[in-house]
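Novice: Input structure: data_38.cif, which contains mmCIF, C-alpha atoms.
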```
data_entry
#
loop_
_atom_site.label_atom_id
_atom_site.label_comp_id
_atom_site.auth_asym_id
_atom_site.auth_seq_id
_atom_site.Cartn_x
_atom_site.Cartn_y
_atom_site.Cartn_z
CA MET A 29 4.18 -1.23 -27.92
CA ALA A 30 3.11 -3.46 -30.79
CA ASP A 31 1.93 -6.93 -29.85
CA GLN A 32 4.86 -9.26 -29.96
CA LEU A 33 4.51 -12.65 -31.61
CA ILE A 34 4.62 -15.38 -28.97
CA GLN A 35 6.67 -18.39 -29.93
CA TYR A 36 7.05 -21.70 -28.16
CA ALA A 37 9.96 -23.93 -27.33
CA GLU A 38 9.70 -27.34 -25.72
CA SER A 39 11.64 -27.99 -22.58
CA ALA A 40 13.28 -31.32 -21.78
CA ASP A 41 10.26 -32.51 -19.78
CA GLY A 42 7.85 -31.51 -22.53
CA THR A 43 6.73 -28.30 -20.88
CA ARG A 44 5.85 -25.55 -23.33
CA VAL A 45 8.00 -22.45 -22.86
CA ALA A 46 6.63 -19.25 -24.39
CA TYR A 47 9.12 -16.64 -25.55
CA ARG A 48 9.17 -13.37 -27.50
CA CYS A 49 11.87 -11.93 -29.75
CA PHE A 50 12.42 -8.23 -30.29
CA GLY A 51 14.61 -7.02 -33.12
CA SER A 52 17.36 -8.98 -34.79
CA GLY A 53 21.01 -9.58 -34.18
CA ARG A 54 22.91 -11.32 -31.45
CA PRO A 55 20.38 -12.79 -29.02
CA VAL A 56 20.29 -11.65 -25.41
CA VAL A 57 18.03 -13.96 -23.43
CA PHE A 58 16.57 -12.32 -20.35
CA VAL A 59 15.69 -14.54 -17.41
CA GLY A 60 13.31 -12.81 -15.07
CA GLY A 61 13.18 -13.14 -11.32
CA ALA A 62 10.32 -13.96 -9.02
CA LEU A 63 6.89 -12.78 -10.12
CA SER A 64 8.18 -11.89 -13.57
CA THR A 65 6.63 -12.54 -16.96
CA ALA A 66 7.82 -12.19 -20.55
CA GLU A 67 5.26 -9.45 -21.04
CA ALA A 68 6.66 -7.39 -18.17
CA ALA A 69 10.15 -7.75 -19.65
CA GLY A 70 8.94 -6.28 -22.94
CA PRO A 71 10.48 -2.84 -22.43
CA LEU A 72 13.85 -4.36 -21.58
CA ALA A 73 13.79 -6.74 -24.56
CA ALA A 74 12.75 -3.86 -26.82
CA ALA A 75 15.62 -1.78 -25.47
CA PHE A 76 18.06 -4.52 -26.53
CA ALA A 77 16.49 -4.44 -29.99
CA GLY A 78 17.05 -0.70 -30.08
CA ALA A 79 20.74 -1.32 -29.47
CA GLY A 80 21.02 -3.64 -32.48
CA LEU A 81 20.67 -6.86 -30.53
CA GLN A 82 17.84 -9.38 -30.38
CA GLY A 83 16.06 -9.11 -27.06
CA VAL A 84 14.49 -12.40 -25.98
CA SER A 85 12.16 -12.68 -23.02
CA TYR A 86 10.33 -15.81 -21.90
CA ASP A 87 7.71 -16.90 -19.43
CA ARG A 88 9.22 -19.12 -16.79
CA ARG A 89 7.10 -22.17 -16.16
CA GLY A 90 3.86 -21.53 -14.33
CA ARG A 91 3.57 -18.04 -15.79
CA GLY A 92 2.04 -16.27 -18.74
CA ASP A 93 1.81 -18.46 -21.82
CA SER A 94 4.16 -21.18 -20.63
CA GLY A 95 2.98 -24.47 -19.32
CA ASP A 96 3.78 -26.13 -16.03
CA THR A 97 4.52 -29.72 -15.16
CA ALA A 98 4.43 -31.06 -11.62
CA PRO A 99 6.48 -31.70 -9.61
CA TYR A 100 8.51 -28.52 -9.65
CA ALA A 101 12.29 -28.81 -9.40
CA PRO A 102 14.94 -26.14 -9.88
CA GLU A 103 16.57 -28.32 -12.55
CA ARG A 104 13.54 -27.81 -14.78
CA GLU A 105 14.33 -24.09 -14.93
CA ALA A 106 17.79 -24.75 -16.35
CA GLU A 107 16.22 -26.98 -18.99
CA ASP A 108 13.67 -24.28 -19.84
CA LEU A 109 16.43 -21.72 -20.34
CA ARG A 110 18.37 -24.15 -22.49
CA ALA A 111 15.29 -24.73 -24.65
CA VAL A 112 14.92 -21.00 -25.26
CA ILE A 113 18.61 -20.57 -26.06
CA GLU A 114 18.40 -23.40 -28.58
CA ALA A 115 15.25 -21.92 -30.08
CA VAL A 116 16.99 -18.63 -30.84
CA GLY A 117 19.96 -20.33 -32.41
CA GLY A 118 22.33 -20.80 -29.50
CA ALA A 119 25.37 -18.56 -28.91
CA ALA A 120 23.22 -16.34 -26.72
CA VAL A 121 24.14 -13.80 -24.11
CA VAL A 122 22.16 -14.55 -20.96
CA LEU A 123 21.00 -11.83 -18.60
CA GLY A 124 19.46 -13.22 -15.44
CA HIS A 125 17.79 -10.92 -12.96
CA SER A 126 17.34 -11.93 -9.34
CA SER A 127 18.16 -15.32 -10.68
CA VAL A 128 20.24 -17.91 -8.93
CA ARG A 129 19.05 -20.21 -11.65
CA CYS A 130 21.64 -18.69 -13.94
CA CYS A 131 24.39 -19.54 -11.48
CA ARG A 132 23.22 -23.13 -11.54
CA CYS A 133 22.71 -23.07 -15.28
CA ALA A 134 26.13 -21.68 -16.03
CA ARG A 135 27.81 -24.99 -15.38
CA ARG A 136 25.22 -26.97 -17.33
CA LEU A 137 25.32 -24.59 -20.26
CA ARG A 138 29.07 -24.21 -20.18
CA GLY A 139 29.73 -26.64 -22.97
CA TYR A 140 26.91 -25.27 -25.02
CA ARG A 141 27.85 -22.44 -27.29
CA MET B 5 25.96 -19.22 -23.75
CA THR B 6 28.65 -16.73 -24.67
CA HIS B 7 28.44 -14.26 -21.81
CA LEU B 8 26.55 -14.36 -18.55
CA PHE B 9 25.21 -11.26 -16.84
CA LEU B 10 23.89 -11.83 -13.33
CA SER B 11 21.69 -8.97 -12.24
CA GLU B 12 21.04 -8.74 -8.51
CA PRO B 13 21.41 -12.45 -7.65
CA PRO B 14 19.80 -13.05 -4.26
CA LEU B 15 22.41 -15.39 -2.78
CA ARG B 16 22.39 -15.33 1.00
CA PHE B 17 25.65 -17.19 1.60
CA GLY B 18 24.01 -19.00 4.48
CA GLN B 19 23.11 -15.85 6.35
CA ASN B 20 19.72 -14.45 7.30
CA GLU B 21 17.94 -17.34 5.67
CA PRO B 22 14.17 -17.08 5.61
CA PRO B 23 12.37 -19.55 7.88
CA ALA B 24 12.68 -23.09 6.55
CA ASP B 25 8.92 -23.42 6.47
CA LEU B 26 8.36 -20.29 4.38
CA GLY B 27 7.82 -22.28 1.20
CA ASP B 28 5.27 -24.51 2.89
CA ARG B 29 3.47 -21.51 4.35
CA LEU B 30 3.35 -19.90 0.92
CA GLN B 31 1.88 -23.08 -0.55
CA VAL B 32 -0.77 -23.25 2.16
CA LEU B 33 -1.85 -19.68 1.40
CA VAL B 34 -1.99 -20.43 -2.32
CA ASP B 35 -3.97 -23.61 -1.73
CA GLN B 36 -6.45 -21.56 0.30
CA GLY B 37 -6.78 -19.01 -2.49
CA ARG B 38 -5.10 -16.32 -0.38
CA ASN B 39 -2.89 -15.22 -3.23
CA GLU B 40 -2.34 -11.62 -2.19
CA GLU B 41 -1.20 -12.70 1.27
CA ALA B 42 1.19 -15.19 -0.32
CA VAL B 43 2.74 -12.57 -2.55
CA LEU B 44 3.14 -10.12 0.35
CA LEU B 45 4.63 -12.83 2.57
CA PHE B 46 7.04 -13.69 -0.20
CA LEU B 47 8.08 -10.08 -0.76
CA ARG B 48 8.59 -9.46 2.94
CA GLY B 49 9.92 -12.82 4.04
CA ASP B 50 11.93 -14.02 1.07
CA VAL B 51 12.89 -10.98 -0.95
CA GLY B 52 13.27 -8.65 2.03
CA MET B 53 11.77 -5.80 0.07
CA PRO B 54 11.52 -2.61 2.15
CA GLU B 55 8.01 -1.86 3.35
CA PRO B 56 7.68 1.51 1.53
CA VAL B 57 8.58 -0.19 -1.74
CA ILE B 58 6.05 -2.93 -1.07
CA GLU B 59 3.36 -0.33 -0.46
CA GLN B 60 4.20 1.39 -3.75
CA LEU B 61 4.02 -1.92 -5.55
CA ARG B 62 0.72 -2.72 -3.89
CA ALA B 63 -0.74 0.55 -5.07
CA SER B 64 0.44 0.07 -8.64
CA PRO B 65 -1.71 -1.36 -11.45
CA ALA B 66 0.86 -4.12 -11.89
CA PHE B 67 0.12 -5.63 -8.49
CA SER B 68 -2.93 -7.65 -9.49
CA GLY B 69 -0.83 -9.35 -12.15
CA LEU B 70 1.71 -10.33 -9.52
CA VAL B 71 -1.03 -11.76 -7.32
CA SER B 72 -2.06 -14.06 -10.16
CA LEU B 73 1.46 -15.53 -10.06
CA ALA B 74 1.25 -16.47 -6.39
CA GLN B 75 1.96 -20.17 -7.01
CA THR B 76 5.32 -19.30 -8.51
CA THR B 77 6.45 -17.69 -5.24
CA VAL B 78 6.72 -21.25 -3.93
CA TYR B 79 8.87 -22.16 -6.93
CA ASP B 80 11.16 -19.20 -6.37
CA ASN B 81 11.37 -19.90 -2.67
CA ARG B 82 12.45 -23.49 -3.43
CA LEU B 83 14.87 -22.32 -6.10
CA VAL B 84 16.59 -19.73 -3.94
CA ALA B 85 16.63 -22.08 -0.94
CA SER B 86 18.46 -24.64 -3.04
CA VAL B 87 21.30 -22.25 -3.80
CA SER B 88 22.23 -20.17 -0.77
CA MET B 89 25.92 -20.77 -1.16
CA PRO B 90 27.44 -20.79 -4.61
CA THR B 91 28.91 -24.19 -5.34
CA ALA B 92 32.46 -24.73 -6.49
CA ALA B 93 31.13 -25.54 -9.94
CA MET B 94 29.30 -22.26 -10.10
CA LEU B 95 32.36 -20.31 -9.04
CA GLU B 96 34.40 -21.99 -11.76
CA VAL B 97 32.06 -20.95 -14.56
CA ASP B 98 34.27 -20.25 -17.55
CA VAL B 99 31.88 -18.09 -19.49
CA PRO B 100 32.71 -14.37 -19.18
CA THR B 101 30.55 -13.19 -16.33
CA THR B 102 29.44 -9.76 -15.23
CA LEU B 103 27.58 -8.97 -12.01
CA LEU B 104 25.10 -6.10 -12.11
CA ARG B 105 23.24 -4.32 -9.37
CA GLY B 106 21.31 -1.10 -9.02
CA ASP B 107 21.72 1.73 -6.54
CA PRO B 108 19.97 1.85 -4.14
CA THR B 109 18.79 -1.72 -3.91
CA VAL B 110 17.97 -4.55 -1.52
CA PRO B 111 20.82 -4.94 1.04
CA LEU B 112 20.95 -8.70 0.53
CA VAL B 113 21.84 -8.11 -3.12
CA VAL B 114 24.53 -5.52 -2.39
CA THR B 115 26.29 -8.04 -0.17
CA ALA B 116 25.71 -10.95 -2.54
CA VAL B 117 27.30 -9.35 -5.58
CA GLU B 118 30.30 -8.17 -3.57
CA ARG B 119 30.85 -11.67 -2.22
CA LEU B 120 30.34 -13.26 -5.62
CA ALA B 121 32.74 -10.84 -7.27
CA ALA B 122 35.35 -11.72 -4.68
CA ALA B 123 34.75 -15.45 -5.09
CA MET B 124 34.51 -15.70 -8.88
CA PRO B 125 37.69 -15.10 -10.83
CA ARG B 126 37.63 -12.70 -13.78
CA THR B 127 34.20 -11.39 -12.85
CA GLU B 128 33.38 -7.70 -13.07
CA LEU B 129 30.97 -5.97 -10.72
CA VAL B 130 28.98 -3.15 -12.31
CA VAL B 131 26.59 -0.74 -10.63
CA VAL B 132 23.74 0.46 -12.85
CA PRO B 133 22.81 3.81 -11.31
CA GLU B 134 19.45 3.99 -13.13
CA SER B 135 18.21 0.75 -11.55
CA HIS B 136 16.60 1.10 -8.12
CA ASP B 137 15.12 -1.15 -5.47
CA HIS B 138 15.62 -4.44 -7.32
CA GLY B 139 14.29 -2.99 -10.57
CA VAL B 140 16.00 -3.34 -13.95
CA ASP B 141 16.26 -0.06 -15.83
CA PRO B 142 16.15 -0.92 -19.54
CA ALA B 143 18.39 1.85 -20.89
CA GLY B 144 21.03 1.59 -18.19
CA THR B 145 21.11 -2.19 -18.27
CA VAL B 146 21.32 -2.37 -22.06
CA ARG B 147 24.14 0.14 -22.03
CA GLU B 148 26.22 -1.92 -19.61
CA VAL B 149 25.51 -5.21 -21.38
CA HIS B 150 26.15 -3.86 -24.86
CA ALA B 151 29.47 -2.36 -23.83
CA ARG B 152 30.75 -5.75 -22.71
CA ILE B 153 29.79 -8.03 -25.56
CA SER B 154 31.68 -7.95 -28.81
#
```
What do you get writing this file as structure tokens?
Specialist:
Amino acid sequence: MADQLIQYAESADGTRVAYRCFGSGRPVVFVGGALSTAEAAGPLAAAFAGAGLQGVSYDRRGRGDSGDTAPYAPEREAEDLRAVIEAVGGAAVVLGHSSVRCCRCARRLRGYR
Amino acid sequence: MTHLFLSEPPLRFGQNEPPADLGDRLQVLVDQGRNEEAVLLFLRGDVGMPEPVIEQLRASPAFSGLVSLAQTTVYDNRLVASVSMPTAAMLEVDVPTTLLRGDPTVPLVVTAVERLAAAMPRTELVVVPESHDHGVDPAGTVREVHARIS
């Protein structure tokens, strides 16, 4: 797989969030579960690109090319996801794996199209 | 967010919670540089991954990468501990929502998606037969997602 350009969004607390886009079209932002990285989600994001969508994977804080800012709080994860969604233009489909974060985020992101 | 797909959410609904001190024990291991032990403790104690699957993972080239992420097991432990029961706000989410799970997969997840589907109105439960043991098969998952977004 070709090296994917790593891009950066800034979360609400200033933490750098690294993400990668595959293909073009309607964005599908993948939120990985525990022990996941954007790199590991490459095949999935590429598969979305193959279907005519834009696959977006990102490193959750503390992983890969993303930063980390102490102290950790679950709320930071919702802000990180929001930063990535904004970076890819909003109106994103979100696919969260093993991810209660998305349950929590759903309410916060509800008014955000 | 225009559509939410929740794949294998590990909500315990207050049952079979891991020990309350698991997060602290994980942090102690990480602080001591015992990253592999932390990851294994997390997989066994928090994820409930079956032992044969853990052994496969351990033998795979990907495992060393997971070990380097040991600190984040504490984050995920805290995150999952904070949301055992879905809140009323979560259940009222008004974005079209689809629940996905593989077959076979972790028992906790099978129960969680059934309970969530029953609790969340207008939510569809989809089994992705290509996904196994808490994995996300790219082709199968993309197929199910693509079919449900306009």
Novice: Quick one: residues within 12 Å of Ser86 of chain B, all atoms listed in the file counted, chain neighbours fewer than 4 positions away excluded, as a VMD selection string?
Specialist: (chain A and resid 101 to 103 128 to 129 131 to 132) or (chain B and resid 14 to 18 21 24 27 79 to 82 90 to 91)
Novice: Running the PyMOL selection byres ((chain B and resi 51-63) around 12) on this model by hand, what would come out? Give it as a compact mmCIF listing (two decimals) with C-alpha atoms, in the frame of the given file.
Specialist:
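Here's the written file selection30.txt:
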```txt
# COMPACT_ATOMS: atom_id res chain seq x y z
CA GLY A 61 13.18 -13.14 -11.32
CA ALA A 62 10.32 -13.96 -9.02
CA LEU A 63 6.89 -12.78 -10.12
CA SER A 126 17.34 -11.93 -9.34
CA SER A 127 18.16 -15.32 -10.68
CA GLU B 12 21.04 -8.74 -8.51
CA PRO B 13 21.41 -12.45 -7.65
CA PRO B 14 19.80 -13.05 -4.26
CA LEU B 15 22.41 -15.39 -2.78
CA ARG B 16 22.39 -15.33 1.00
CA ASN B 20 19.72 -14.45 7.30
CA GLU B 21 17.94 -17.34 5.67
CA PRO B 22 14.17 -17.08 5.61
CA LEU B 26 8.36 -20.29 4.38
CA GLU B 40 -2.34 -11.62 -2.19
CA GLU B 41 -1.20 -12.70 1.27
CA VAL B 43 2.74 -12.57 -2.55
CA LEU B 44 3.14 -10.12 0.35
CA LEU B 45 4.63 -12.83 2.57
CA PHE B 46 7.04 -13.69 -0.20
CA LEU B 47 8.08 -10.08 -0.76
CA ARG B 48 8.59 -9.46 2.94
CA GLY B 49 9.92 -12.82 4.04
CA ASP B 50 11.93 -14.02 1.07
CA SER B 64 0.44 0.07 -8.64
CA PRO B 65 -1.71 -1.36 -11.45
CA ALA B 66 0.86 -4.12 -11.89
CA PHE B 67 0.12 -5.63 -8.49
CA SER B 68 -2.93 -7.65 -9.49
CA GLY B 69 -0.83 -9.35 -12.15
CA LEU B 70 1.71 -10.33 -9.52
CA VAL B 71 -1.03 -11.76 -7.32
CA THR B 77 6.45 -17.69 -5.24
CA ASP B 80 11.16 -19.20 -6.37
CA ASN B 81 11.37 -19.90 -2.67
CA VAL B 84 16.59 -19.73 -3.94
CA ALA B 85 16.63 -22.08 -0.94
CA PRO B 108 19.97 1.85 -4.14
CA THR B 109 18.79 -1.72 -3.91
CA VAL B 110 17.97 -4.55 -1.52
CA PRO B 111 20.82 -4.94 1.04
CA LEU B 112 20.95 -8.70 0.53
CA VAL B 113 21.84 -8.11 -3.12
CA HIS B 136 16.60 1.10 -8.12
CA ASP B 137 15.12 -1.15 -5.47
CA HIS B 138 15.62 -4.44 -7.32
CA GLY B 139 14.29 -2.99 -10.57
```
Novice: Which polymer residues have any atom within 12 Å of an atom of segment 129-135 of chain B, counting only C-alpha atoms, with same-chain residues fewer than 6 positions away left out, as an MDAnalysis selection string?
Specialist: (chainID A and resid 125) or (chainID B and resid 9:13 101:110 113:123 141:149 151:152)
Novice: Evaluated on this file, the PyMOL selection byres ((chain A and resi 82-86) around 10) picks out some residues - which ones are they, written as an MDAnalysis selection string?
Specialist: (chainID A and resid 34:37 45:60 64:81 87:89 91:94 108:109 112:113 116 120:123) or (chainID B and resid 146)
Novice: Rank nothing, just name the residue among B:Ser154, B:Val99, B:Leu83, B:Thr127 nearest to Glu105 of chain A, using all atoms listed in the file.
Specialist: B:Leu83
Novice: Give the padded box for segment 16-33 of chain B as JSON: axis-aligned, covering all atoms listed in the file, 6 Å on each side, centre and edge lengths in Å to one decimal.
Specialist:
```
{"center_x": 11.9, "center_y": -19.5, "center_z": 3.7, "size_x": 39.5, "size_y": 22.1, "size_z": 20.4}
```
Novice: Which distance in Å separates atom CA of Thr76 of chain B and atom CA of Gly90 of chain A, to one decimal?
Specialist: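 Between atom CA of Thr76 of chain B and atom CA of Gly90 of chain A the gap works out to 6.4 Å.
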Novice: Between A:Ala115, A:Tyr100, A:Glu107, A:Thr43, single out the one closest to chain B, counting all atoms listed in the file.
Specialist: A:Tyr100
Novice: Could you tell me how far atom CA of Glu96 of chain B lies from atom CA of Leu8 of chain B, in Å and to one decimal?
Specialist: 12.9 Å
Novice: One number please: atom CA of Gln19 of chain B to atom CA of Ala93 of chain B, in Å, one decimal.
Specialist: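 According to the coordinates, atom CA of Gln19 of chain B and atom CA of Ala93 of chain B are separated by 20.6 Å.
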